[in-house]
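Dumped structure.cif below, it's mmCIF, C-alpha atoms:
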data_protein
loop_
_atom_site.label_atom_id
_atom_site.label_comp_id
_atom_site.auth_asym_id
_atom_site.auth_seq_id
_atom_site.Cartn_x
_atom_site.Cartn_y
_atom_site.Cartn_z
CA ASP Y 2 -11.74 -12.88 20.17
CA LEU Y 3 -11.47 -11.22 16.76
CA TYR Y 4 -15.18 -10.48 16.48
CA GLY Y 5 -15.97 -10.37 20.20
CA LEU Y 6 -18.63 -13.04 19.84
CA ALA Y 7 -19.37 -16.40 21.42
CA ASN Y 8 -20.17 -19.56 19.45
CA SER Y 9 -23.84 -19.20 20.33
CA ASP Y 10 -23.85 -15.74 18.74
CA VAL Y 11 -22.89 -17.04 15.30
CA VAL Y 12 -23.69 -20.75 14.97
CA GLY Y 13 -26.80 -21.24 12.84
CA ARG Y 14 -26.83 -17.62 11.70
CA HIS Y 15 -25.91 -15.93 8.43
CA CYS Y 16 -22.84 -13.68 8.47
CA ARG Y 17 -25.05 -10.75 7.46
CA GLU Y 18 -26.56 -10.91 10.96
CA TRP Y 19 -23.32 -10.23 12.82
CA VAL Y 20 -20.76 -8.86 10.35
CA PRO Y 21 -20.74 -5.23 9.11
CA PRO Y 22 -22.66 -4.96 5.80
CA LYS Y 23 -19.68 -4.21 3.54
CA THR Y 24 -17.62 -7.02 5.04
CA ALA Y 25 -20.59 -9.39 4.83
CA GLU Y 26 -20.97 -8.76 1.09
CA LEU Y 27 -17.27 -9.58 0.55
CA VAL Y 28 -17.67 -12.78 2.57
CA VAL Y 29 -20.77 -13.85 0.64
CA ALA Y 30 -19.12 -13.13 -2.71
CA GLN Y 31 -16.10 -15.25 -1.80
CA ASP Y 32 -18.32 -18.07 -0.55
CA HIS Y 33 -20.26 -18.10 -3.83
CA GLU Y 34 -17.01 -18.20 -5.81
CA ILE Y 35 -15.73 -21.18 -3.83
CA ILE Y 36 -19.00 -23.06 -4.32
CA GLU Y 37 -19.05 -22.28 -8.06
CA THR Y 38 -15.40 -23.11 -8.77
CA GLY Y 39 -14.78 -25.78 -6.15
CA ARG Y 40 -11.41 -24.23 -5.46
CA PRO Y 41 -10.07 -22.82 -2.20
CA GLY Y 42 -9.48 -19.09 -1.88
CA VAL Y 43 -6.99 -16.98 0.04
CA ARG Y 44 -7.13 -13.25 0.68
CA GLU Y 45 -5.96 -10.57 3.06
CA LEU Y 46 -8.28 -7.96 4.42
CA ALA Y 47 -8.52 -5.33 7.12
CA LEU Y 48 -11.01 -5.92 9.91
CA ILE Y 49 -11.98 -3.86 12.92
CA ARG Y 50 -11.59 -6.06 15.97
CA ALA Y 51 -14.20 -6.08 18.71
CA ASP Y 52 -12.11 -3.63 20.74
CA GLY Y 53 -12.07 -1.18 17.82
CA GLU Y 54 -8.49 -1.88 16.70
CA MET Y 55 -7.84 -2.32 12.98
CA ARG Y 56 -6.23 -5.67 12.25
CA THR Y 57 -4.98 -7.37 9.10
CA VAL Y 58 -6.10 -10.97 8.68
CA SER Y 59 -5.49 -13.75 6.22
CA GLN Y 60 -8.58 -15.77 5.33
CA VAL Y 61 -8.30 -19.22 3.81
CA LYS Y 62 -11.57 -20.77 2.64
CA PHE Y 63 -12.14 -24.15 1.07
CA PRO Y 64 -15.03 -26.34 -0.08
CA ILE Y 65 -16.23 -29.19 2.14
CA ARG Y 66 -17.32 -32.24 0.16
CA ASN Y 67 -19.31 -35.33 1.04
CA ALA Y 68 -18.40 -38.89 0.12
CA ASP Y 69 -19.81 -38.37 -3.38
CA GLY Y 70 -17.63 -35.32 -3.96
CA ASP Y 71 -20.47 -32.85 -3.78
CA ILE Y 72 -19.86 -29.52 -2.05
CA VAL Y 73 -21.92 -29.44 1.10
CA GLY Y 74 -20.33 -26.54 2.92
CA ILE Y 75 -17.42 -24.14 3.28
CA GLY Y 76 -14.60 -24.22 5.79
CA GLY Y 77 -12.41 -21.32 6.71
CA VAL Y 78 -9.38 -20.32 8.73
CA THR Y 79 -8.86 -16.69 9.70
CA THR Y 80 -5.40 -15.77 10.97
CA ASP Y 81 -4.48 -12.41 12.45
CA ILE Y 82 -1.27 -11.43 10.60
CA THR Y 83 -1.08 -7.81 11.76
CA ASP Y 84 2.15 -8.31 13.70
CA ILE Y 85 3.71 -10.21 10.79
CA LYS Y 86 2.79 -7.43 8.34
CA GLU Y 87 4.19 -4.80 10.70
CA ARG Y 88 7.48 -6.70 10.98
CA GLU Y 89 7.60 -7.06 7.20
CA GLU Y 90 7.06 -3.31 6.81
CA MET Y 91 9.77 -2.56 9.37
CA SER Y 92 12.10 -4.92 7.51
CA ARG Y 93 11.31 -3.20 4.18
CA GLN Y 94 11.97 0.21 5.71
CA ALA Y 95 15.24 -0.99 7.23
CA GLN Y 96 16.28 -2.52 3.90
CA SER Y 97 15.39 0.69 2.09
CA ALA Y 98 17.37 2.76 4.60
CA ALA Y 99 20.34 0.41 4.23
CA GLU Y 100 20.19 0.69 0.43
CA ARG Y 101 20.07 4.48 0.63
CA ALA Y 102 23.02 4.52 3.02
CA GLN Y 103 24.97 2.17 0.74
CA ALA Y 104 24.21 4.37 -2.28
CA LEU Y 105 25.44 7.46 -0.42
CA LEU Y 106 28.59 5.68 0.73
CA THR Y 107 29.29 4.38 -2.77
CA ALA Y 108 28.83 7.86 -4.25
CA PHE Y 109 31.18 9.31 -1.64
CA LEU Y 110 33.86 6.67 -2.17
CA ASP Y 111 33.69 6.69 -5.95
CA HIS Y 112 34.05 10.47 -6.15
CA SER Y 113 37.03 10.60 -3.83
CA PRO Y 114 40.34 11.27 -5.60
CA SER Y 115 42.09 8.96 -3.13
CA GLY Y 116 42.22 5.23 -3.67
CA MET Y 117 40.31 3.40 -0.94
CA TYR Y 118 40.01 -0.26 -0.06
CA LEU Y 119 39.02 -2.72 2.65
CA LYS Y 120 40.50 -6.12 3.45
CA ASP Y 121 39.35 -8.92 5.73
CA ARG Y 122 41.59 -10.60 8.33
CA ASN Y 123 42.88 -12.99 5.67
CA MET Y 124 43.97 -9.93 3.68
CA ASN Y 125 41.44 -10.60 0.93
CA ILE Y 126 40.23 -7.35 -0.60
CA THR Y 127 36.52 -6.80 0.03
CA MET Y 128 36.01 -3.32 -1.40
CA VAL Y 129 37.77 -0.83 -3.68
CA ASN Y 130 36.67 2.51 -5.10
CA ARG Y 131 37.09 3.91 -8.61
CA ALA Y 132 40.26 5.86 -7.81
CA PHE Y 133 41.87 2.61 -6.63
CA GLU Y 134 40.82 0.86 -9.85
CA LYS Y 135 42.17 3.70 -12.01
CA PHE Y 136 45.52 3.95 -10.24
CA TYR Y 137 46.29 0.23 -10.39
CA GLY Y 138 44.56 -0.40 -13.73
CA VAL Y 139 42.19 -3.04 -12.37
CA GLU Y 140 38.46 -3.67 -12.11
CA SER Y 141 36.86 -4.44 -8.77
CA ALA Y 142 35.90 -7.88 -10.08
CA ASP Y 143 39.60 -8.57 -10.66
CA VAL Y 144 40.62 -8.00 -7.03
CA ILE Y 145 37.57 -8.57 -4.77
CA ASP Y 146 37.97 -11.70 -2.61
CA ARG Y 147 41.63 -11.92 -3.66
CA THR Y 148 44.88 -10.93 -1.98
CA THR Y 149 47.35 -8.49 -3.49
CA ARG Y 150 49.65 -11.45 -4.13
CA THR Y 151 47.41 -12.56 -7.01
CA TRP Y 152 47.81 -9.37 -9.04
CA MET Y 153 50.82 -7.43 -7.71
CA PRO Y 154 54.52 -8.21 -8.06
CA LYS Y 155 55.61 -10.57 -5.30
CA HIS Y 156 58.17 -8.24 -3.70
CA ILE Y 157 55.58 -5.48 -3.38
CA ALA Y 158 52.90 -7.86 -2.10
CA ASP Y 159 55.35 -9.17 0.51
CA GLU Y 160 55.98 -5.66 1.82
CA LEU Y 161 52.25 -4.85 1.97
CA ASP Y 162 51.55 -8.12 3.80
CA ILE Y 163 54.14 -7.20 6.44
CA LEU Y 164 52.42 -3.86 7.00
CA ASP Y 165 48.96 -5.44 7.15
CA LEU Y 166 50.06 -8.12 9.61
CA GLU Y 167 51.55 -5.46 11.87
CA ILE Y 168 48.26 -3.54 11.88
CA LEU Y 169 46.35 -6.72 12.73
CA ARG Y 170 48.82 -7.44 15.52
CA SER Y 171 49.04 -3.95 17.03
CA GLY Y 172 45.57 -2.59 16.31
CA GLU Y 173 47.17 0.74 15.43
CA ALA Y 174 47.00 2.83 12.26
CA LEU Y 175 49.99 3.39 10.04
CA ASP Y 176 50.85 6.44 7.90
CA MET Y 177 53.74 6.50 5.47
CA GLU Y 178 54.86 8.14 2.23
CA ILE Y 179 56.05 5.92 -0.60
CA GLU Y 180 56.74 6.04 -4.31
CA PHE Y 181 54.71 3.68 -6.45
CA ALA Y 182 54.21 3.29 -10.22
CA ASN Y 183 50.63 3.61 -11.43
CA ALA Y 184 49.00 1.60 -14.22
CA ASP Y 185 50.66 3.84 -16.83
CA GLY Y 186 54.09 3.24 -15.36
CA ASP Y 187 54.40 6.77 -13.96
CA LEU Y 188 56.18 6.94 -10.61
CA ARG Y 189 53.86 8.67 -8.17
CA THR Y 190 54.27 9.78 -4.57
CA LEU Y 191 51.57 8.35 -2.33
CA ILE Y 192 50.62 8.84 1.30
CA TYR Y 193 49.55 5.44 2.56
CA ASN Y 194 47.04 5.49 5.43
CA LYS Y 195 46.32 2.03 6.78
CA PHE Y 196 44.12 1.35 9.78
CA PRO Y 197 42.41 -1.53 11.60
CA VAL Y 198 38.68 -2.06 11.13
CA PHE Y 199 36.91 -2.95 14.37
CA ALA Y 200 33.66 -4.84 14.94
CA PRO Y 201 31.22 -3.51 17.58
CA SER Y 202 32.70 -6.13 19.93
CA GLY Y 203 36.10 -4.47 19.63
CA ASP Y 204 37.65 -7.30 17.63
CA ILE Y 205 39.69 -6.42 14.57
CA VAL Y 206 37.84 -7.75 11.53
CA GLY Y 207 39.91 -6.25 8.76
CA ILE Y 208 42.09 -3.49 7.41
CA GLY Y 209 41.17 -0.27 5.66
CA GLY Y 210 43.35 1.89 3.50
CA VAL Y 211 43.42 5.31 1.85
CA ASN Y 212 46.10 6.02 -0.75
CA THR Y 213 46.44 9.71 -1.58
CA ASP Y 214 48.49 10.81 -4.58
CA VAL Y 215 50.52 13.85 -3.49
CA THR Y 216 52.93 13.88 -6.44
CA ASN Y 217 51.89 17.32 -7.68
CA ILE Y 218 51.97 18.74 -4.17
CA ARG Y 219 55.51 17.48 -3.62
CA ARG Y 220 56.60 18.89 -6.98
CA GLN Y 221 55.12 22.28 -6.11
CA GLU Y 222 56.85 22.18 -2.73
CA ALA Y 223 60.17 21.36 -4.44
CA GLU Y 224 59.70 24.22 -6.89
CA ILE Y 225 58.95 26.64 -4.06
CA MET Y 226 62.06 25.50 -2.18
CA GLN Y 227 64.17 25.94 -5.32
CA THR Y 228 62.76 29.42 -5.86
CA GLN Y 229 63.44 30.34 -2.24
CA ALA Y 230 66.99 29.00 -2.54
CA ARG Y 231 67.64 31.07 -5.66
CA LEU Y 232 66.24 34.19 -3.98
CA SER Y 233 68.39 33.60 -0.91
CA ALA Y 234 71.51 33.17 -3.09
CA TYR Y 235 70.70 36.34 -5.01
CA ILE Y 236 70.18 38.35 -1.82
CA ASP Y 237 73.36 36.97 -0.24
CA HIS Y 238 75.36 38.15 -3.25
#
Please express what this file holds, its structure, as structure tokens.
Amino acid sequence: DLYGLANSDVVGRHCREWVPPKTAELVVAQDHEIIETGRPGVRELALIRADGEMRTVSQVKFPIRNADGDIVGIGGVTTDITDIKEREEMSRQAQSAAERAQALLTAFLDHSPSGMYLKDRNMNITMVNRAFEKFYGVESADVIDRTTRTWMPKHIADELDILDLEILRSGEALDMEIEFANADGDLRTLIYNKFPVFAPSGDIVGIGGVNTDVTNIRRQEAEIMQTQARLSAYIDH
């Protein structure tokens, strides 16, 4: 099928009689090497099939020996691996695309000023960004595959677990504003955004969170309100 020839077209004939000249020279050179070394050989090459289509094949050749161990011939197995190579190339392209997408996502997350994280259904942390690490004074290796109970005060971890369990139960996001001390002990005002993470099937597979520090914004708002109050008092008098 590969060469479009019957057994009678090739048996008893040299490959130079039915294989293109350049291919025949490669075949002869490999045959001579196998006879000289006594070792099998494997190679991949491109061949034009009888119907004109270019195919990639794997050729395995090996010496045939008689009872005395003398080489009396050469055996070979030619396997069309075109489809396999195409699948491998598609897999490489998909892997490359996935790596590029992951690099873009990582760059986006790590340059966000908000702390971001993901948890699985068991509330083990599976991902954190740099802002999260900086705020809590941890490294990703310290918290990945661990629950908050292993590195946060128990009373805080208990409260977070209650929120997470409610999200897993309801499938609804939760937004709230809280005060929380950062790694330096400074009390900061945070907007907590927690949300369920869904699989394509619609099942909840985890929890995501974005913690945005709005301390400076709240201070500016308070200052503006104080200024407005003083102006109002001045005008009233």
Worksheet item: Could you write out as a count of residues only the residues that the PyMOL selection byres ((chain Y and resi 70-79) around 10) matches in the shown file?
Response: 27
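Relative to atom CA of Pro21 of chain Y, atom CA of Thr83 of chain Y is found at 20.0 Å.
Residues in contact range of Thr107 of chain Y, defined as at most 8 Å between only C-alpha atoms, with sequence neighbours fewer than 4 positions away removed, read Gln103, Asp111 and Asn130 of chain Y.
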Practice prompt. Within 6 Å of Thr190 of chain Y, counting all atoms listed in the file, which residues show up once you throw out same-chain ones fewer than 2 positions away? Write them as a PyMOL selection string, please.
Written response: chain Y and resi 179-180+214-216
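Across the structure, atom CA of Phe181 of chain Y and atom CA of Thr228 of chain Y are spaced 27.0 Å apart.
The two atoms in question, atom CA of Arg131 of chain Y and atom CA of Asp162 of chain Y, are spaced 22.5 Å apart.
If you count only C-alpha atoms and draw a sphere of 6 Å around (43.9, -0.3, 6.7), the protein and nucleic acid residues inside it come out as Lys195, Phe196, Pro197, Ile208, Gly209 and Gly210 of chain Y.
Evaluated against this file, the PyMOL selection byres ((chain Y and resi 143) around 12) yields Asn125, Ile126, Thr127, Met128, Val129, Glu134, Tyr137, Gly138, Val139, Glu140, Ser141, Ala142, Val144, Ile145, Asp146, Arg147, Thr148, Thr149, Thr151, Trp152 and Met153 of chain Y.
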Worksheet item: Using all atoms listed in the file, which residues sit within 7 Å of Ala47 of chain Y once same-chain residues fewer than 2 positions away are excluded, as a count of residues only?
Response: 5
Practice prompt. Name the residues that the PyMOL selection byres ((chain Y and resi 169) around 8) picks from the file above, as a list in words, using the file's chain letters and numbers.
Written response: Arg122, Asp165, Leu166, Glu167, Ile168, Arg170, Ser171, Gly172, Glu173, Pro197, Ile205, Gly207 and Ile208 of chain Y
